[in-house]
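K.L.:
Provided herewith is a single structure, encoded as structure tokens, for subsequent inquiry.
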Amino acid sequence: MGGHFVQGHVDGTGVIVEKVPEGDSLWIKVKTEKGLLKYIVPKGFIAVDGTSLTVVDVFEEEGCFNFMLVSYTQQKIVVPLKEVGQKVNLEVDILGKYVERLLSSRC
């Protein structure tokens with residue numbers, strides 16, 4: 001088993017707060033609620049508007065995370081078409097939820 005675990009659920013939403021081109025790639029930063037941010041980790045996955053992507057960094061103090069889209073991916077998904085200030089649907093890693101539940105049941 002490998003890759004990202006995407007179930008197709010929406011756990012919450014975020015707002016695009018920054019889009020920065022870098023060569024033919026695009027950096028996108030999204031702000032979300034703390035309840036979701038706790039499940040988002042660098043090099044982990046996040047599904048944004050149904051597309052599974054790899055998180056680059058998490059900015060706890062800002063309540064944000066970011067990811068980079070290469071040129072090929074930008075041409076195949078809807079996320080790059082969204083503007084700063086627009087909402088996106090988010091699905092966090094189910095494995096983090098399982099670990100949280102397991103640890104809380106042991107207390």
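Ordering of the structure tokens sets the chain letters (A, B, ...), residue numbers begin anew at 1 in every chain, and ligands are numbered from 1 in the order given.
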Would you mind listing what lies within 9 Å of segment 74-85 of chain A as a ChimeraX atom specification, with only C-alpha atoms counted and same-chain residues fewer than 4 positions away left out?
P.N.:
/A:15-19,25-26,28,48-49,51,69-70
K.L.:
For N, CA and C atoms, I'd like the residues from the last selection saved as a PDB file, in the first residue's frame.
P.N.:
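What landed in selection08.pdb:
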```pdb
ATOM      1  N   VAL A  15      -9.248  29.000   2.688  1.00  0.00           N
ATOM      2  CA  VAL A  15      -9.277  30.165   1.804  1.00  0.00           C
ATOM      3  C   VAL A  15      -7.878  30.360   1.238  1.00  0.00           C
ATOM      4  N   ILE A  16      -7.797  30.522  -0.055  1.00  0.00           N
ATOM      5  CA  ILE A  16      -6.505  30.806  -0.685  1.00  0.00           C
ATOM      6  C   ILE A  16      -6.075  32.210  -0.256  1.00  0.00           C
ATOM      7  N   VAL A  17      -4.896  32.301   0.351  1.00  0.00           N
ATOM      8  CA  VAL A  17      -4.406  33.598   0.816  1.00  0.00           C
ATOM      9  C   VAL A  17      -3.213  34.095   0.013  1.00  0.00           C
ATOM     10  N   GLU A  18      -2.638  33.188  -0.791  1.00  0.00           N
ATOM     11  CA  GLU A  18      -1.464  33.601  -1.570  1.00  0.00           C
ATOM     12  C   GLU A  18      -1.251  32.660  -2.737  1.00  0.00           C
ATOM     13  N   LYS A  19      -0.901  33.240  -3.893  1.00  0.00           N
ATOM     14  CA  LYS A  19      -0.498  32.488  -5.079  1.00  0.00           C
ATOM     15  C   LYS A  19       0.765  33.151  -5.611  1.00  0.00           C
ATOM     16  N   SER A  25       6.220  26.747 -12.039  1.00  0.00           N
ATOM     17  CA  SER A  25       5.466  26.192 -10.909  1.00  0.00           C
ATOM     18  C   SER A  25       4.649  27.286 -10.229  1.00  0.00           C
ATOM     19  N   LEU A  26       3.748  26.874  -9.352  1.00  0.00           N
ATOM     20  CA  LEU A  26       2.896  27.821  -8.645  1.00  0.00           C
ATOM     21  C   LEU A  26       2.781  27.395  -7.183  1.00  0.00           C
ATOM     22  N   ILE A  28       0.928  27.831  -3.653  1.00  0.00           N
ATOM     23  CA  ILE A  28      -0.373  28.268  -3.142  1.00  0.00           C
ATOM     24  C   ILE A  28      -0.384  28.088  -1.636  1.00  0.00           C
ATOM     25  N   VAL A  48      -7.241  18.969  -1.977  1.00  0.00           N
ATOM     26  CA  VAL A  48      -7.764  20.322  -2.181  1.00  0.00           C
ATOM     27  C   VAL A  48      -8.688  20.277  -3.389  1.00  0.00           C
ATOM     28  N   ASP A  49      -9.959  20.573  -3.154  1.00  0.00           N
ATOM     29  CA  ASP A  49     -10.969  20.476  -4.209  1.00  0.00           C
ATOM     30  C   ASP A  49     -10.884  19.125  -4.935  1.00  0.00           C
ATOM     31  N   THR A  51      -8.345  17.077  -5.304  1.00  0.00           N
ATOM     32  CA  THR A  51      -7.045  16.680  -5.839  1.00  0.00           C
ATOM     33  C   THR A  51      -6.073  16.435  -4.690  1.00  0.00           C
ATOM     34  N   LEU A  69       2.435  23.506  -7.153  1.00  0.00           N
ATOM     35  CA  LEU A  69       1.894  22.814  -8.317  1.00  0.00           C
ATOM     36  C   LEU A  69       2.862  22.957  -9.481  1.00  0.00           C
ATOM     37  N   VAL A  70       3.303  21.845 -10.033  1.00  0.00           N
ATOM     38  CA  VAL A  70       4.142  21.893 -11.230  1.00  0.00           C
ATOM     39  C   VAL A  70       3.249  22.201 -12.431  1.00  0.00           C
TER      40      VAL A  70
END
```
K.L.:
Tell me, as an MDAnalysis selection string, which residues lie within 9 Å of Tyr39 of chain A, counting only C-alpha atoms; anything in the same chain fewer than 3 positions away does not count.
P.N.:
chainID A and resid 35:36 92:97
K.L.:
Mind checking DSSP for chain A and telling me the helix (DSSP H, G or I) residues as a list in words?
P.N.:
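Of chain A, only Lys34, Gly35, Leu36, Leu37, Glu60, Glu61, Glu62, Ser71, Tyr72, Thr73, Gln74, Gln75, Lys76, Val79, Pro80, Leu81, Ile94, Leu95, Gly96, Lys97, Tyr98, Val99, Glu100, Arg101, Leu102, Leu103, Ser104 and Ser105 of chain A fall in helix (DSSP H, G or I).
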K.L.:
Output C-alpha atoms of each residue in that selection to a file, as a JSON list (two decimals), in the first residue's frame.
P.N.:
```json
[["chain", "number", "residue", "atom", "x", "y", "z"],
["A", 34, "LYS", "CA", -7.10, 25.03, 13.73],
["A", 35, "GLY", "CA", -9.30, 21.94, 13.99],
["A", 36, "LEU", "CA", -8.14, 20.87, 10.53],
["A", 37, "LEU", "CA", -4.63, 22.31, 10.68],
["A", 60, "GLU", "CA", 0.90, 27.25, 12.71],
["A", 61, "GLU", "CA", 1.00, 30.91, 13.75],
["A", 62, "GLU", "CA", -0.81, 31.96, 10.57],
["A", 71, "SER", "CA", 3.14, 22.96, -14.73],
["A", 72, "TYR", "CA", 1.63, 19.60, -15.69],
["A", 73, "THR", "CA", -0.59, 19.50, -12.59],
["A", 74, "GLN", "CA", -1.71, 23.11, -13.11],
["A", 75, "GLN", "CA", -3.07, 22.12, -16.53],
["A", 76, "LYS", "CA", -5.08, 19.17, -15.17],
["A", 79, "VAL", "CA", -7.19, 24.78, -8.10],
["A", 80, "PRO", "CA", -4.91, 27.12, -10.14],
["A", 81, "LEU", "CA", -8.02, 28.75, -11.62],
["A", 94, "ILE", "CA", -7.44, 9.86, 7.57],
["A", 95, "LEU", "CA", -4.40, 8.24, 9.20],
["A", 96, "GLY", "CA", -4.00, 11.23, 11.52],
["A", 97, "LYS", "CA", -7.60, 10.86, 12.61],
["A", 98, "TYR", "CA", -7.11, 7.14, 13.30],
["A", 99, "VAL", "CA", -4.02, 7.82, 15.40],
["A", 100, "GLU", "CA", -5.83, 10.53, 17.35],
["A", 101, "ARG", "CA", -8.73, 8.19, 18.07],
["A", 102, "LEU", "CA", -6.45, 5.35, 19.10],
["A", 103, "LEU", "CA", -4.52, 7.56, 21.50],
["A", 104, "SER", "CA", -7.65, 9.12, 22.99],
["A", 105, "SER", "CA", -9.20, 5.69, 23.63]]
```
K.L.:
I'd like to know which of A:Ala47, A:Met68, A:Ile40, A:Val55 is closest to Val88 of chain A, using only C-alpha atoms.
P.N.:
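Answer, going by the shortest atom-to-atom distance: A:Ala47.
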K.L.:
Where in segment 24-87 of chain A does DSSP assign strand (DSSP E), given as number ranges by chain?
P.N.:
A: 25-32, 45-48, 51-54, 57-59, 64-69, 87
K.L.:
Kindly export the residues of the current selection with N, CA, C and O atoms, as an mmCIF file, in the first residue's frame.
P.N.:
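Saved result, part-v8.cif, follows:
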```cif
data_model
loop_
_atom_site.group_PDB
_atom_site.id
_atom_site.type_symbol
_atom_site.label_atom_id
_atom_site.label_comp_id
_atom_site.auth_asym_id
_atom_site.auth_seq_id
_atom_site.Cartn_x
_atom_site.Cartn_y
_atom_site.Cartn_z
ATOM 1 N N SER A 25 6.220 26.747 -12.039
ATOM 2 C CA SER A 25 5.466 26.192 -10.909
ATOM 3 C C SER A 25 4.649 27.286 -10.229
ATOM 4 O O SER A 25 4.854 28.471 -10.489
ATOM 5 N N LEU A 26 3.748 26.874 -9.352
ATOM 6 C CA LEU A 26 2.896 27.821 -8.645
ATOM 7 C C LEU A 26 2.781 27.395 -7.183
ATOM 8 O O LEU A 26 2.377 26.274 -6.882
ATOM 9 N N TRP A 27 3.180 28.299 -6.293
ATOM 10 C CA TRP A 27 3.021 28.090 -4.854
ATOM 11 C C TRP A 27 1.654 28.610 -4.441
ATOM 12 O O TRP A 27 1.268 29.716 -4.816
ATOM 13 N N ILE A 28 0.928 27.831 -3.653
ATOM 14 C CA ILE A 28 -0.373 28.268 -3.142
ATOM 15 C C ILE A 28 -0.384 28.088 -1.636
ATOM 16 O O ILE A 28 -0.002 27.033 -1.117
ATOM 17 N N LYS A 29 -0.827 29.135 -0.932
ATOM 18 C CA LYS A 29 -0.956 29.090 0.529
ATOM 19 C C LYS A 29 -2.426 29.184 0.883
ATOM 20 O O LYS A 29 -3.153 30.031 0.340
ATOM 21 N N VAL A 30 -2.864 28.310 1.790
ATOM 22 C CA VAL A 30 -4.266 28.215 2.179
ATOM 23 C C VAL A 30 -4.387 28.372 3.692
ATOM 24 O O VAL A 30 -3.627 27.761 4.445
ATOM 25 N N LYS A 31 -5.349 29.173 4.111
ATOM 26 C CA LYS A 31 -5.654 29.351 5.541
ATOM 27 C C LYS A 31 -6.862 28.484 5.879
ATOM 28 O O LYS A 31 -7.832 28.450 5.125
ATOM 29 N N THR A 32 -6.786 27.791 7.023
ATOM 30 C CA THR A 32 -7.899 26.958 7.453
ATOM 31 C C THR A 32 -8.026 27.015 8.970
ATOM 32 O O THR A 32 -7.203 27.627 9.648
ATOM 33 N N PHE A 45 -0.210 14.508 3.075
ATOM 34 C CA PHE A 45 -1.080 14.840 1.962
ATOM 35 C C PHE A 45 -2.258 15.689 2.431
ATOM 36 O O PHE A 45 -2.642 15.689 3.589
ATOM 37 N N ILE A 46 -2.796 16.422 1.487
ATOM 38 C CA ILE A 46 -4.036 17.180 1.669
ATOM 39 C C ILE A 46 -4.779 17.096 0.340
ATOM 40 O O ILE A 46 -4.169 17.205 -0.720
ATOM 41 N N ALA A 47 -6.059 16.829 0.385
ATOM 42 C CA ALA A 47 -6.855 16.878 -0.843
ATOM 43 C C ALA A 47 -7.500 18.262 -0.898
ATOM 44 O O ALA A 47 -8.174 18.686 0.038
ATOM 45 N N VAL A 48 -7.241 18.969 -1.977
ATOM 46 C CA VAL A 48 -7.764 20.322 -2.181
ATOM 47 C C VAL A 48 -8.688 20.277 -3.389
ATOM 48 O O VAL A 48 -8.254 19.945 -4.493
ATOM 49 N N THR A 51 -8.345 17.077 -5.304
ATOM 50 C CA THR A 51 -7.045 16.680 -5.839
ATOM 51 C C THR A 51 -6.073 16.435 -4.690
ATOM 52 O O THR A 51 -5.869 17.315 -3.859
ATOM 53 N N SER A 52 -5.485 15.263 -4.645
ATOM 54 C CA SER A 52 -4.535 14.931 -3.598
ATOM 55 C C SER A 52 -3.181 15.572 -3.902
ATOM 56 O O SER A 52 -2.613 15.366 -4.976
ATOM 57 N N LEU A 53 -2.697 16.344 -2.939
ATOM 58 C CA LEU A 53 -1.449 17.087 -3.111
ATOM 59 C C LEU A 53 -0.549 16.883 -1.897
ATOM 60 O O LEU A 53 -1.020 16.516 -0.822
ATOM 61 N N THR A 54 0.743 17.142 -2.071
ATOM 62 C CA THR A 54 1.693 17.032 -0.974
ATOM 63 C C THR A 54 1.896 18.394 -0.326
ATOM 64 O O THR A 54 2.193 19.378 -1.013
ATOM 65 N N ASP A 57 4.834 23.081 3.580
ATOM 66 C CA ASP A 57 5.053 23.650 4.913
ATOM 67 C C ASP A 57 3.735 23.924 5.605
ATOM 68 O O ASP A 57 2.707 24.139 4.947
ATOM 69 N N VAL A 58 3.786 23.946 6.928
ATOM 70 C CA VAL A 58 2.646 24.340 7.754
ATOM 71 C C VAL A 58 3.086 25.548 8.568
ATOM 72 O O VAL A 58 4.171 25.544 9.154
ATOM 73 N N PHE A 59 2.258 26.584 8.593
ATOM 74 C CA PHE A 59 2.556 27.819 9.306
ATOM 75 C C PHE A 59 1.539 27.950 10.441
ATOM 76 O O PHE A 59 0.486 28.583 10.268
ATOM 77 N N CYS A 64 -2.030 28.420 8.430
ATOM 78 C CA CYS A 64 -1.922 28.164 6.991
ATOM 79 C C CYS A 64 -1.010 26.978 6.686
ATOM 80 O O CYS A 64 -0.214 26.557 7.512
ATOM 81 N N PHE A 65 -1.140 26.490 5.453
ATOM 82 C CA PHE A 65 -0.215 25.518 4.887
ATOM 83 C C PHE A 65 -0.024 25.881 3.423
ATOM 84 O O PHE A 65 -0.800 26.656 2.853
ATOM 85 N N ASN A 66 1.031 25.348 2.814
ATOM 86 C CA ASN A 66 1.221 25.625 1.391
ATOM 87 C C ASN A 66 1.592 24.364 0.632
ATOM 88 O O ASN A 66 1.936 23.326 1.217
ATOM 89 N N PHE A 67 1.488 24.450 -0.669
ATOM 90 C CA PHE A 67 1.856 23.380 -1.573
ATOM 91 C C PHE A 67 2.276 24.007 -2.889
ATOM 92 O O PHE A 67 1.982 25.174 -3.154
ATOM 93 N N MET A 68 2.998 23.223 -3.691
ATOM 94 C CA MET A 68 3.451 23.712 -4.989
ATOM 95 C C MET A 68 2.837 22.853 -6.088
ATOM 96 O O MET A 68 2.742 21.639 -5.953
ATOM 97 N N LEU A 69 2.435 23.506 -7.153
ATOM 98 C CA LEU A 69 1.894 22.814 -8.317
ATOM 99 C C LEU A 69 2.862 22.957 -9.481
ATOM 100 O O LEU A 69 3.199 24.075 -9.870
ATOM 101 N N LYS A 87 -12.683 30.177 -1.621
ATOM 102 C CA LYS A 87 -12.678 28.982 -0.780
ATOM 103 C C LYS A 87 -12.306 27.750 -1.588
ATOM 104 O O LYS A 87 -12.583 27.672 -2.782
#
```
